[in-house]
$ cat final-v3.tsv   # TSV, C-alpha atoms
chain	number	residue	atom	x	y	z
A	1092	MET	CA	-35.28	-17.83	64.80
A	1093	ASP	CA	-34.99	-14.17	63.78
A	1094	LEU	CA	-31.56	-13.05	65.01
A	1095	GLU	CA	-32.53	-9.38	64.80
A	1096	ALA	CA	-35.42	-10.07	67.18
A	1097	VAL	CA	-33.04	-11.92	69.52
A	1098	ARG	CA	-30.57	-9.02	69.32
A	1099	THR	CA	-33.39	-6.58	70.13
A	1100	PHE	CA	-34.47	-8.71	73.11
A	1101	VAL	CA	-30.92	-8.62	74.53
A	1102	ALA	CA	-30.70	-4.86	73.90
A	1103	VAL	CA	-33.90	-4.29	75.91
A	1104	VAL	CA	-32.52	-6.41	78.76
A	1105	GLU	CA	-29.29	-4.41	78.81
A	1106	ALA	CA	-31.01	-1.03	78.45
A	1107	GLY	CA	-33.84	-1.82	80.89
A	1108	GLN	CA	-36.32	0.13	78.76
A	1109	PHE	CA	-37.82	-0.25	75.29
A	1110	GLN	CA	-37.22	3.43	74.54
A	1111	LYS	CA	-33.54	3.36	75.49
A	1112	ALA	CA	-33.03	0.09	73.54
A	1113	ALA	CA	-34.54	1.80	70.49
A	1114	GLY	CA	-31.95	4.55	70.76
A	1115	ASP	CA	-29.12	2.05	71.20
A	1116	LEU	CA	-30.25	0.17	68.08
A	1117	SER	CA	-31.06	3.35	66.08
A	1118	ILE	CA	-34.61	2.18	65.40
A	1119	THR	CA	-38.02	3.35	66.65
A	1120	GLN	CA	-39.58	2.22	69.89
A	1121	GLN	CA	-42.45	0.81	67.85
A	1122	ALA	CA	-39.97	-1.37	65.90
A	1123	VAL	CA	-38.51	-2.64	69.17
A	1124	SER	CA	-41.96	-3.56	70.44
A	1125	LYS	CA	-42.84	-5.36	67.21
A	1126	ARG	CA	-39.63	-7.41	67.23
A	1127	VAL	CA	-40.05	-8.45	70.84
A	1128	ALA	CA	-43.72	-9.33	70.25
A	1129	ALA	CA	-42.78	-11.44	67.19
A	1130	LEU	CA	-40.15	-13.27	69.25
A	1131	GLU	CA	-42.67	-13.92	72.02
A	1132	ARG	CA	-45.11	-15.36	69.46
A	1133	ASP	CA	-42.39	-17.65	68.07
A	1134	LEU	CA	-41.49	-18.88	71.56
A	1135	GLY	CA	-45.06	-18.99	72.87
A	1136	VAL	CA	-44.18	-17.19	76.10
A	1137	ARG	CA	-44.02	-13.68	77.56
A	1138	LEU	CA	-40.46	-12.40	77.90
A	1139	PHE	CA	-41.09	-9.04	79.61
A	1140	THR	CA	-43.56	-7.44	81.95
A	1141	ARG	CA	-44.03	-3.70	82.04
A	1142	ALA	CA	-43.11	-2.08	85.35
A	1143	PRO	CA	-42.71	1.52	86.54
A	1144	ARG	CA	-38.94	1.18	86.27
A	1145	GLY	CA	-39.15	-0.16	82.71
A	1146	ALA	CA	-39.17	-3.65	81.21
A	1147	GLU	CA	-38.57	-6.55	83.57
A	1148	LEU	CA	-37.84	-10.12	82.53
A	1149	THR	CA	-40.37	-12.82	83.24
A	1150	ILE	CA	-39.19	-16.21	84.49
A	1151	ASP	CA	-39.24	-17.42	80.87
A	1152	GLY	CA	-37.31	-14.35	79.80
A	1153	GLN	CA	-34.66	-15.07	82.44
A	1154	ALA	CA	-34.39	-18.66	81.18
A	1155	PHE	CA	-34.09	-17.52	77.56
A	1156	LEU	CA	-31.49	-14.76	78.13
A	1157	PRO	CA	-28.27	-16.85	78.34
A	1158	HIS	CA	-29.30	-18.80	75.24
A	1159	ALA	CA	-30.07	-15.56	73.39
A	1160	ARG	CA	-26.61	-14.21	74.18
A	1161	GLU	CA	-25.03	-17.46	73.03
A	1162	LEU	CA	-27.02	-17.32	69.77
A	1163	LEU	CA	-25.59	-13.87	69.07
A	1164	ARG	CA	-22.05	-15.02	69.89
A	1165	VAL	CA	-22.40	-18.02	67.56
A	1166	ALA	CA	-23.75	-15.78	64.79
A	1167	GLU	CA	-20.76	-13.44	65.15
A	1168	ARG	CA	-18.28	-16.34	65.05
A	1169	ALA	CA	-20.03	-17.77	61.98
A	1170	GLY	CA	-19.78	-14.47	60.14
A	1171	ALA	CA	-16.17	-13.91	61.17
A	1172	SER	CA	-15.17	-17.34	59.88
A	1173	VAL	CA	-15.90	-16.32	56.28
A	1174	ARG	CA	-15.78	-12.51	56.33
A	1175	PRO	CA	-12.80	-11.11	54.32
A	1176	GLY	CA	-10.40	-9.50	56.70
A	1177	ARG	CA	-11.68	-11.55	59.60
A	1178	ARG	CA	-11.06	-15.04	58.26
A	1179	PRO	CA	-7.66	-16.51	57.33
A	1180	LEU	CA	-6.20	-16.02	53.86
A	1181	ARG	CA	-6.61	-19.40	52.12
A	1182	VAL	CA	-3.81	-20.28	49.67
A	1183	ASP	CA	-3.22	-23.45	47.65
A	1184	VAL	CA	0.47	-24.47	47.57
A	1185	ILE	CA	0.03	-27.77	45.61
A	1186	ALA	CA	2.31	-29.85	47.89
A	1187	SER	CA	4.33	-29.46	51.07
A	1188	ARG	CA	7.84	-29.89	49.64
A	1189	VAL	CA	7.68	-27.65	46.59
A	1190	ALA	CA	8.52	-23.98	46.04
A	1191	PRO	CA	5.05	-22.47	46.71
A	1192	SER	CA	5.13	-23.96	50.20
A	1193	SER	CA	8.48	-22.30	50.93
A	1194	LEU	CA	7.21	-19.02	49.47
A	1195	MET	CA	4.26	-19.07	51.85
A	1196	ARG	CA	6.52	-19.93	54.81
A	1197	GLY	CA	8.56	-16.84	53.94
A	1198	PHE	CA	5.38	-14.76	53.75
A	1199	HIS	CA	4.23	-16.05	57.14
A	1200	GLN	CA	7.59	-15.17	58.70
A	1201	ALA	CA	7.47	-11.67	57.19
A	1202	HIS	CA	3.78	-11.09	58.06
A	1203	PRO	CA	2.90	-13.07	61.20
A	1204	GLU	CA	-0.11	-10.81	61.70
A	1205	VAL	CA	-1.85	-12.40	58.69
A	1206	ASP	CA	-3.83	-15.53	59.56
A	1207	LEU	CA	-3.23	-18.26	56.96
A	1208	ASP	CA	-4.94	-21.44	55.88
A	1209	VAL	CA	-2.69	-23.47	53.56
A	1210	VAL	CA	-4.36	-26.10	51.37
A	1211	MET	CA	-3.02	-28.52	48.77
A	1212	LEU	CA	-5.08	-29.04	45.62
A	1213	PHE	CA	-4.07	-31.43	42.87
A	1214	ASP	CA	-4.67	-29.81	39.49
A	1215	VAL	CA	-5.21	-26.40	37.96
A	1216	GLU	CA	-8.90	-26.99	37.13
A	1217	THR	CA	-9.66	-27.82	40.77
A	1218	ALA	CA	-7.70	-24.78	41.93
A	1219	VAL	CA	-9.43	-22.40	39.50
A	1220	ALA	CA	-12.86	-23.73	40.49
A	1221	ALA	CA	-11.99	-23.20	44.18
A	1222	ILE	CA	-10.85	-19.63	43.47
A	1223	ARG	CA	-14.05	-18.84	41.56
A	1224	SER	CA	-16.27	-20.31	44.28
A	1225	GLY	CA	-14.44	-18.46	47.05
A	1226	ALA	CA	-13.23	-21.68	48.70
A	1227	ILE	CA	-9.66	-20.37	48.41
A	1228	ASP	CA	-8.21	-16.91	47.80
A	1229	ALA	CA	-5.17	-17.79	45.69
A	1230	SER	CA	-3.20	-20.63	44.14
A	1231	PHE	CA	0.31	-21.16	42.78
A	1232	ARG	CA	0.24	-22.70	39.29
A	1233	ALA	CA	2.06	-22.81	35.97
A	1234	VAL	CA	-1.14	-21.06	34.81
A	1235	ALA	CA	-1.97	-21.89	31.22
A	1236	MET	CA	-1.82	-25.07	29.21
A	1237	PRO	CA	-2.18	-25.52	25.45
A	1238	GLY	CA	-5.78	-24.82	24.45
A	1239	ARG	CA	-6.89	-24.21	28.06
A	1240	PRO	CA	-6.64	-20.49	28.87
A	1241	LEU	CA	-7.64	-19.11	32.25
A	1242	PRO	CA	-11.19	-17.76	32.69
A	1243	GLU	CA	-11.48	-14.00	32.22
A	1244	ASP	CA	-12.28	-13.40	35.89
A	1245	ILE	CA	-9.03	-15.02	37.08
A	1246	GLU	CA	-5.97	-12.77	37.40
A	1247	SER	CA	-2.40	-14.08	37.46
A	1248	VAL	CA	1.13	-12.83	37.91
A	1249	ARG	CA	4.33	-14.79	37.38
A	1250	VAL	CA	6.23	-14.74	40.67
A	1251	LEU	CA	9.08	-17.25	40.44
A	1252	ASP	CA	11.07	-19.03	37.72
A	1253	GLU	CA	12.51	-22.02	39.54
A	1254	PRO	CA	15.64	-23.60	37.97
A	1255	HIS	CA	15.84	-27.33	37.33
A	1256	GLN	CA	18.45	-29.72	38.67
A	1257	LEU	CA	19.37	-33.26	37.71
A	1258	LEU	CA	19.29	-35.69	40.64
A	1259	THR	CA	21.55	-38.75	40.30
A	1260	GLY	CA	23.09	-41.49	42.38
A	1261	PRO	CA	26.88	-41.61	42.96
A	1262	ALA	CA	27.48	-44.18	40.16
A	1263	HIS	CA	25.69	-42.24	37.41
A	1264	LEU	CA	27.83	-41.12	34.44
A	1265	LEU	CA	27.06	-37.47	35.22
A	1266	ALA	CA	27.34	-37.74	39.01
A	1267	ASN	CA	30.58	-35.74	39.24
A	1268	ALA	CA	29.60	-32.98	36.81
A	1269	ARG	CA	29.41	-29.44	38.20
A	1270	SER	CA	26.58	-28.77	35.76
A	1271	VAL	CA	25.01	-30.46	32.75
A	1272	THR	CA	23.56	-29.01	29.58
A	1273	LEU	CA	20.28	-30.11	28.09
A	1274	ALA	CA	22.21	-31.46	25.09
A	1275	GLU	CA	24.29	-33.67	27.42
A	1276	LEU	CA	21.09	-35.20	28.82
A	1277	THR	CA	20.05	-36.60	25.45
A	1278	GLY	CA	19.93	-40.40	25.70
A	1279	HIS	CA	19.93	-40.52	29.50
A	1280	ARG	CA	16.91	-42.03	31.27
A	1281	ILE	CA	15.09	-39.52	33.44
A	1282	TRP	CA	12.45	-41.18	35.61
A	1283	MET	CA	9.52	-39.10	36.93
A	1284	PRO	CA	6.72	-41.48	38.01
A	1285	GLY	CA	4.59	-38.67	39.49
A	1286	LEU	CA	3.73	-37.09	36.12
A	1287	ALA	CA	-0.06	-37.39	35.97
A	1288	PRO	CA	-1.54	-36.87	32.48
A	1289	GLY	CA	-3.57	-33.70	32.09
A	1290	THR	CA	-1.76	-31.71	34.78
A	1291	GLU	CA	0.18	-28.52	34.16
A	1292	TRP	CA	3.46	-30.16	35.20
A	1293	SER	CA	2.89	-33.03	32.79
A	1294	ALA	CA	2.26	-30.48	30.01
A	1295	TYR	CA	5.49	-28.70	31.02
A	1296	TYR	CA	7.64	-31.82	30.70
A	1297	ASP	CA	5.93	-32.86	27.47
A	1298	ALA	CA	7.03	-29.52	26.01
A	1299	LEU	CA	10.57	-29.99	27.36
A	1300	VAL	CA	10.83	-33.43	25.75
A	1301	ALA	CA	9.46	-32.18	22.43
A	1302	GLU	CA	11.91	-29.29	22.22
A	1303	PHE	CA	15.12	-30.95	23.41
A	1304	GLY	CA	14.64	-34.64	22.60
A	1305	LEU	CA	14.99	-35.85	26.18
A	1306	THR	CA	13.85	-39.22	27.48
A	1307	ILE	CA	11.50	-38.77	30.43
A	1308	GLU	CA	9.79	-41.91	31.69
A	1309	ALA	CA	6.66	-41.71	33.84
A	1310	THR	CA	6.12	-45.48	33.89
A	1311	GLY	CA	5.48	-47.54	37.00
A	1312	PRO	CA	3.47	-46.79	40.14
A	1313	ASN	CA	4.24	-43.64	42.08
A	1314	PHE	CA	5.18	-44.76	45.61
A	1315	GLY	CA	6.30	-41.29	46.62
A	1316	SER	CA	9.57	-39.40	46.84
A	1317	ASP	CA	11.29	-41.81	49.26
A	1318	VAL	CA	11.01	-44.75	46.85
A	1319	LEU	CA	12.05	-42.50	43.94
A	1320	LEU	CA	15.21	-41.45	45.82
A	1321	ASP	CA	15.99	-45.05	46.79
A	1322	THR	CA	15.69	-46.17	43.16
A	1323	VAL	CA	17.82	-43.33	41.77
A	1324	ALA	CA	20.49	-43.97	44.39
A	1325	ASP	CA	20.67	-47.69	43.52
A	1326	THR	CA	20.40	-47.44	39.70
A	1327	PRO	CA	23.47	-46.05	37.89
A	1328	GLY	CA	21.61	-45.53	34.61
A	1329	LEU	CA	18.71	-43.63	36.12
A	1330	ALA	CA	18.26	-39.96	37.08
A	1331	THR	CA	15.34	-37.68	37.82
A	1332	PHE	CA	14.55	-33.99	37.63
A	1333	THR	CA	13.97	-31.82	40.67
A	1334	THR	CA	13.78	-28.08	41.14
A	1335	ALA	CA	16.01	-25.81	43.17
A	1336	ARG	CA	13.53	-25.13	45.97
A	1337	THR	CA	12.09	-28.65	46.25
A	1338	ARG	CA	13.01	-29.96	49.70
A	1339	LEU	CA	14.40	-33.49	49.57
A	1340	VAL	CA	15.98	-35.46	52.42
A	1341	TRP	CA	17.68	-38.81	51.95
A	1342	PRO	CA	19.89	-41.17	53.99
A	1343	THR	CA	23.59	-40.31	54.03
A	1344	GLY	CA	24.47	-43.56	52.31
A	1345	HIS	CA	22.51	-42.57	49.20
A	1346	ASP	CA	25.11	-39.89	48.31
A	1347	LEU	CA	22.72	-38.32	45.81
A	1348	ARG	CA	23.90	-35.39	43.67
A	1349	ARG	CA	21.90	-32.29	42.73
A	1350	ILE	CA	23.40	-30.96	39.49
A	1351	PRO	CA	22.33	-27.65	37.88
A	1352	VAL	CA	20.98	-27.89	34.33
A	1353	THR	CA	22.15	-25.21	31.90
A	1354	ASP	CA	22.32	-23.98	28.32
A	1355	PRO	CA	19.46	-23.16	28.65
A	1356	THR	CA	18.23	-23.69	32.20
A	1357	PRO	CA	14.68	-25.09	32.25
A	1358	VAL	CA	12.72	-23.02	34.75
A	1359	TYR	CA	9.36	-23.92	36.20
A	1360	PRO	CA	7.18	-20.79	35.99
A	1361	HIS	CA	5.23	-20.41	39.23
A	1362	SER	CA	2.39	-17.89	39.01
A	1363	LEU	CA	-0.06	-16.68	41.62
A	1364	LEU	CA	-3.74	-16.90	40.64
A	1365	TRP	CA	-6.65	-15.07	42.27
A	1366	HIS	CA	-10.16	-13.83	41.44
A	1367	ARG	CA	-10.22	-10.24	40.26
A	1368	ASP	CA	-13.10	-9.41	42.67
A	1369	ASN	CA	-11.58	-11.03	45.75
A	1370	PRO	CA	-11.78	-8.41	48.55
A	1371	HIS	CA	-9.56	-10.10	51.15
A	1372	PRO	CA	-7.27	-7.34	52.49
A	1373	ALA	CA	-4.31	-9.73	52.92
A	1374	LEU	CA	-4.26	-10.65	49.22
A	1375	PRO	CA	-2.53	-7.40	48.11
A	1376	VAL	CA	-0.07	-7.88	50.99
A	1377	LEU	CA	0.82	-11.34	49.66
A	1378	ARG	CA	1.20	-10.07	46.10
A	1379	ALA	CA	3.47	-7.23	47.22
A	1380	HIS	CA	5.58	-9.61	49.29
A	1381	LEU	CA	6.03	-11.99	46.35
A	1382	ALA	CA	6.91	-9.12	44.02
A	1383	ASN	CA	9.63	-7.96	46.42
A	1384	THR	CA	11.09	-11.35	47.37
A	1385	ALA	CA	10.26	-14.27	45.07
A	1386	GLY	CA	11.46	-12.54	41.92
A	1387	THR	CA	14.98	-12.21	43.29
A	1388	ALA	CA	15.34	-16.01	43.16
A	1389	ASN	CA	14.72	-16.20	39.41
A	1390	SER	CA	17.77	-17.72	37.73
A	1391	GLN	CA	19.05	-16.80	34.30
A	1392	GLY	CA	21.60	-19.63	34.31
A	1393	VAL	CA	24.24	-20.29	31.66
A	1394	GLY	CA	22.80	-19.90	28.18
A	1395	GLY	CA	19.59	-18.26	29.40
A	1396	THR	CA	16.41	-19.95	30.51
A	1397	TRP	CA	13.63	-21.97	28.91
A	1398	ALA	CA	9.93	-22.30	29.60
A	1399	PRO	CA	7.16	-23.58	27.31
A	1400	SER	CA	5.81	-21.10	24.76
A	1401	TRP	CA	2.31	-21.38	26.26
A	1402	VAL	CA	3.37	-20.09	29.67
A	1403	VAL	CA	2.04	-16.64	30.57
A	1404	PRO	CA	4.96	-14.20	30.14
A	1405	GLN	CA	6.45	-12.24	33.00
$ encode --input "final-v3.tsv" --output "structure tokens"
Amino acid sequence: MDLEAVRTFVAVVEAGQFQKAAGDLSITQQAVSKRVAALERDLGVRLFTRAPRGAELTIDGQAFLPHARELLRVAERAGASVRPGRRPLRVDVIASRVAPSSLMRGFHQAHPEVDLDVVMLFDVETAVAAIRSGAIDASFRAVAMPGRPLPEDIESVRVLDEPHQLLTGPAHLLANARSVTLAELTGHRIWMPGLAPGTEWSAYYDALVAEFGLTIEATGPNFGSDVLLDTVADTPGLATFTTARTRLVWPTGHDLRRIPVTDPTPVYPHSLLWHRDNPHPALPVLRAHLANTAGTANSQGVGGTWAPSWVVPQ
């Protein structure tokens, strides 16, 4: 059904005259008559009769009117659901417990007027495809990987370097250290079962192992963070890496220790990605917020920081 014809029909009803409806719609009276006639042909009924006082609805026109108004309301809601500035800003935060999620919570608190849709996509290829298709407006990623640069139409800015911590149980050899250097971690087992091959975080830890000779094991099924914390708490010779803003909660009896890593401090380089032609008005607001807040959390640590050479520079 031609929505413009339906809109013209409703305008005639509200104006009471074809001529006045033409003025309200900024079209000619002839155009109004043609649209109404086309709608009547589609429906197979007469919608108006001409009377001295103007256009009057027939019985069929009266029956059609509430449905016509509902069609126009549905069309407006449909357009608003995807129209930049009228629909929520859609941002991929990867997972609920990691730094991008906390960054977006901070943005929401600072800008409650911005409607948000938060999604969680698994890998950078999926995120980039969603940005290019318009399914999402932005994503937090480590950006590049060796031999896999971003497409030319994707913009990025590095917003947060998140320091690493060593997570151990109370019986681990390093459990009472105030901090540990990367050199001191040589020979210790670091278990990270969630490292999926081909992801940007797997590429990050591969580079960390290659440069500092660490032992990171990704063996065994990944049963989630609760099982990981249980195992680390119960295994004196086992530790894992976490990052400063990753939210972890464990039973009091676990007595886990979060120990800063230094000399240099490995930082995970979170960047915001978006399409260069994205017109959503809230996207510049998000970028400005991150520039003013997230950067203040970057840690230089003792002995500087480290990130893989392939990471997009600040």
$ closest_residue --input "final-v3.tsv" --among "A:Thr1140, A:Asn1383, A:Thr1306, A:Thr1331" --to "Gly1285 of chain A" --atoms "all atoms listed in the file"
A:Thr1331
$ closest_atom_pairs --input "final-v3.tsv" --of "segment 1101-1138 of chain A" --to "segment 1148-1169 of chain A" --cutoff "9 Å" --atoms "only C-alpha atoms" --output "Markdown table"
| residue | atom | partner | partner_atom | distance |
| --- | --- | --- | --- | --- |
| A:Val1101 | CA | A:Arg1160 | CA | 7.1 |
| A:Val1104 | CA | A:Leu1148 | CA | 7.5 |
| A:Val1136 | CA | A:Asp1151 | CA | 6.9 |
| A:Arg1137 | CA | A:Thr1149 | CA | 6.8 |
| A:Leu1138 | CA | A:Gly1152 | CA | 4.2 |
$ residues_around --input "final-v3.tsv" --residues "Leu1273 of chain A" --least-positions-apart "6" --cutoff "9 Å" --atoms "all atoms listed in the file" --output "list in words"
Phe1303, Leu1305, Val1352, Thr1353, Asp1354, Pro1355, Thr1356 and Pro1357 of chain A
$ atom_distance --input "final-v3.tsv" --atom1 "atom CA of Gly1260 of chain A" --atom2 "atom CA of Pro1312 of chain A"
20.4 Å
$ closest_residue --input "final-v3.tsv" --among "A:Ala1229, A:Ala1398, A:Ile1118, A:Ala1128" --to "Pro1254 of chain A" --atoms "all atoms listed in the file"
A:Ala1398
$ atom_distance --input "final-v3.tsv" --atom1 "atom CA of Ser1187 of chain A" --atom2 "atom CA of Arg1338 of chain A"
8.8 Å
$ residues_around --input "final-v3.tsv" --residues "Ala1226 of chain A" --least-positions-apart "2" --cutoff "12 Å" --atoms "only C-alpha atoms" --output "CSV table (one decimal) with C-alpha atoms, keeping the file's coordinate frame"
chain,number,residue,atom,x,y,z
A,1173,VAL,CA,-15.9,-16.3,56.3
A,1175,PRO,CA,-12.8,-11.1,54.3
A,1178,ARG,CA,-11.1,-15.0,58.3
A,1179,PRO,CA,-7.7,-16.5,57.3
A,1180,LEU,CA,-6.2,-16.0,53.9
A,1181,ARG,CA,-6.6,-19.4,52.1
A,1182,VAL,CA,-3.8,-20.3,49.7
A,1183,ASP,CA,-3.2,-23.4,47.6
A,1208,ASP,CA,-4.9,-21.4,55.9
A,1209,VAL,CA,-2.7,-23.5,53.6
A,1210,VAL,CA,-4.4,-26.1,51.4
A,1212,LEU,CA,-5.1,-29.0,45.6
A,1217,THR,CA,-9.7,-27.8,40.8
A,1218,ALA,CA,-7.7,-24.8,41.9
A,1219,VAL,CA,-9.4,-22.4,39.5
A,1220,ALA,CA,-12.9,-23.7,40.5
A,1221,ALA,CA,-12.0,-23.2,44.2
A,1222,ILE,CA,-10.8,-19.6,43.5
A,1223,ARG,CA,-14.0,-18.8,41.6
A,1224,SER,CA,-16.3,-20.3,44.3
A,1228,ASP,CA,-8.2,-16.9,47.8
A,1229,ALA,CA,-5.2,-17.8,45.7
A,1230,SER,CA,-3.2,-20.6,44.1
A,1365,TRP,CA,-6.6,-15.1,42.3
A,1366,HIS,CA,-10.2,-13.8,41.4
A,1369,ASN,CA,-11.6,-11.0,45.8
$ residues_around --input "final-v3.tsv" --residues "Gly1278 of chain A" --least-positions-apart "6" --cutoff "12 Å" --atoms "only C-alpha atoms" --output "PyMOL selection string"
chain A and resi 1264+1300+1303-1308+1328-1330
$ atom_distance --input "final-v3.tsv" --atom1 "atom CA of Val1215 of chain A" --atom2 "atom CA of Val1340 of chain A"
27.2 Å
$ closest_residue --input "final-v3.tsv" --among "A:His1279, A:His1345, A:Arg1232, A:Arg1269" --to "Pro1360 of chain A" --atoms "only C-alpha atoms"
A:Arg1232
$ closest_residue --input "final-v3.tsv" --among "A:Leu1319, A:Leu1276, A:Met1211, A:Val1358" --to "Pro1191 of chain A" --atoms "all atoms listed in the file"
A:Met1211
$ closest_residue --input "final-v3.tsv" --among "A:Leu1339, A:Thr1119, A:Trp1397, A:Pro1288" --to "Glu1253 of chain A" --atoms "all atoms listed in the file"
A:Trp1397
$ closest_residue --input "final-v3.tsv" --among "A:Leu1194, A:Ala1146, A:Val1402, A:Ala1268" --to "Tyr1295 of chain A" --atoms "only C-alpha atoms"
A:Val1402
$ residues_around --input "final-v3.tsv" --residues "Gly1315 of chain A" --least-positions-apart "2" --cutoff "12 Å" --atoms "all atoms listed in the file" --output "list in words"
Arg1188, Met1283, Pro1284, Gly1285, Leu1286, Gly1311, Pro1312, Asn1313, Asp1317, Val1318, Leu1319, Leu1320, Asp1321, Thr1322 and Leu1339 of chain A
$ residues_near_point --input "final-v3.tsv" --point "(-37.0, -13.8, 65.0)" --cutoff "9 Å" --atoms "only C-alpha atoms" --output "tab-separated table (two decimals) with C-alpha atoms, in the frame of the given file"
chain	number	residue	atom	x	y	z
A	1092	MET	CA	-35.28	-17.83	64.80
A	1093	ASP	CA	-34.99	-14.17	63.78
A	1094	LEU	CA	-31.56	-13.05	65.01
A	1095	GLU	CA	-32.53	-9.38	64.80
A	1096	ALA	CA	-35.42	-10.07	67.18
A	1097	VAL	CA	-33.04	-11.92	69.52
A	1126	ARG	CA	-39.63	-7.41	67.23
A	1127	VAL	CA	-40.05	-8.45	70.84
A	1129	ALA	CA	-42.78	-11.44	67.19
A	1130	LEU	CA	-40.15	-13.27	69.25
A	1133	ASP	CA	-42.39	-17.65	68.07
$ residues_near_point --input "final-v3.tsv" --point "(8.5, -30.2, 35.1)" --cutoff "9 Å" --atoms "only C-alpha atoms" --output "PyMOL selection string"
chain A and resi 1255+1286+1291-1297+1299+1332-1334+1357-1359
$ write_last_selection --input "final-v3.tsv" --atoms "C-alpha atoms" --output "JSON list (two decimals), keeping the file's coordinate frame"
[["chain", "number", "residue", "atom", "x", "y", "z"],
["A", 1255, "HIS", "CA", 15.84, -27.33, 37.33],
["A", 1286, "LEU", "CA", 3.73, -37.09, 36.12],
["A", 1291, "GLU", "CA", 0.18, -28.52, 34.16],
["A", 1292, "TRP", "CA", 3.46, -30.16, 35.20],
["A", 1293, "SER", "CA", 2.89, -33.03, 32.79],
["A", 1294, "ALA", "CA", 2.26, -30.48, 30.01],
["A", 1295, "TYR", "CA", 5.49, -28.70, 31.02],
["A", 1296, "TYR", "CA", 7.64, -31.82, 30.70],
["A", 1297, "ASP", "CA", 5.93, -32.86, 27.47],
["A", 1299, "LEU", "CA", 10.57, -29.99, 27.36],
["A", 1332, "PHE", "CA", 14.55, -33.99, 37.63],
["A", 1333, "THR", "CA", 13.97, -31.82, 40.67],
["A", 1334, "THR", "CA", 13.78, -28.08, 41.14],
["A", 1357, "PRO", "CA", 14.68, -25.09, 32.25],
["A", 1358, "VAL", "CA", 12.72, -23.02, 34.75],
["A", 1359, "TYR", "CA", 9.36, -23.92, 36.20]]
$ residues_around --input "final-v3.tsv" --residues "Gly1145 of chain A" --least-positions-apart "6" --cutoff "10 Å" --atoms "all atoms listed in the file" --output "list in words"
Val1103, Val1104, Ala1106, Gly1107, Gln1108, Phe1109, Gln1110, Lys1111 and Phe1139 of chain A
$ write_last_selection --input "final-v3.tsv" --atoms "C-alpha atoms" --output "PDB file, in the coordinates of the input"
ATOM      1  CA  VAL A1103     -33.900  -4.290  75.910  1.00  0.00           C
ATOM      2  CA  VAL A1104     -32.520  -6.410  78.760  1.00  0.00           C
ATOM      3  CA  ALA A1106     -31.010  -1.030  78.450  1.00  0.00           C
ATOM      4  CA  GLY A1107     -33.840  -1.820  80.890  1.00  0.00           C
ATOM      5  CA  GLN A1108     -36.320   0.130  78.760  1.00  0.00           C
ATOM      6  CA  PHE A1109     -37.820  -0.250  75.290  1.00  0.00           C
ATOM      7  CA  GLN A1110     -37.220   3.430  74.540  1.00  0.00           C
ATOM      8  CA  LYS A1111     -33.540   3.360  75.490  1.00  0.00           C
ATOM      9  CA  PHE A1139     -41.090  -9.040  79.610  1.00  0.00           C
TER      10      PHE A1139
END
$ decode --input "final-v3.tsv" --residues "segment 1188-1196 of chain A" --atoms "N, CA, C and O atoms" --output "CSV table (one decimal), in the first residue's frame"
chain,number,residue,atom,x,y,z
A,1188,ARG,N,32.2,-8.3,31.6
A,1188,ARG,CA,33.1,-8.0,32.8
A,1188,ARG,C,34.4,-7.3,32.4
A,1188,ARG,O,35.2,-7.0,33.3
A,1189,VAL,N,34.6,-7.0,31.2
A,1189,VAL,CA,35.9,-6.4,30.8
A,1189,VAL,C,35.8,-4.9,30.7
A,1189,VAL,O,34.7,-4.3,30.8
A,1190,ALA,N,36.9,-4.2,30.4
A,1190,ALA,CA,37.0,-2.8,30.5
A,1190,ALA,C,36.0,-2.0,29.6
A,1190,ALA,O,35.4,-1.0,30.0
A,1191,PRO,N,35.8,-2.4,28.3
A,1191,PRO,CA,34.9,-1.7,27.5
A,1191,PRO,C,33.5,-1.6,28.1
A,1191,PRO,O,32.8,-0.5,27.9
A,1192,SER,N,33.1,-2.6,28.8
A,1192,SER,CA,31.8,-2.5,29.5
A,1192,SER,C,31.7,-1.5,30.5
A,1192,SER,O,30.8,-0.7,30.6
A,1193,SER,N,32.8,-1.4,31.3
A,1193,SER,CA,32.9,-0.3,32.4
A,1193,SER,C,33.0,1.1,31.7
A,1193,SER,O,32.4,2.0,32.3
A,1194,LEU,N,33.7,1.2,30.6
A,1194,LEU,CA,33.8,2.5,29.9
A,1194,LEU,C,32.4,2.9,29.4
A,1194,LEU,O,32.0,4.1,29.6
A,1195,MET,N,31.6,2.0,28.9
A,1195,MET,CA,30.3,2.4,28.5
A,1195,MET,C,29.3,2.7,29.6
A,1195,MET,O,28.4,3.5,29.5
A,1196,ARG,N,29.5,2.0,30.8
A,1196,ARG,CA,28.7,2.3,32.0
A,1196,ARG,C,29.0,3.8,32.4
A,1196,ARG,O,28.1,4.5,32.8
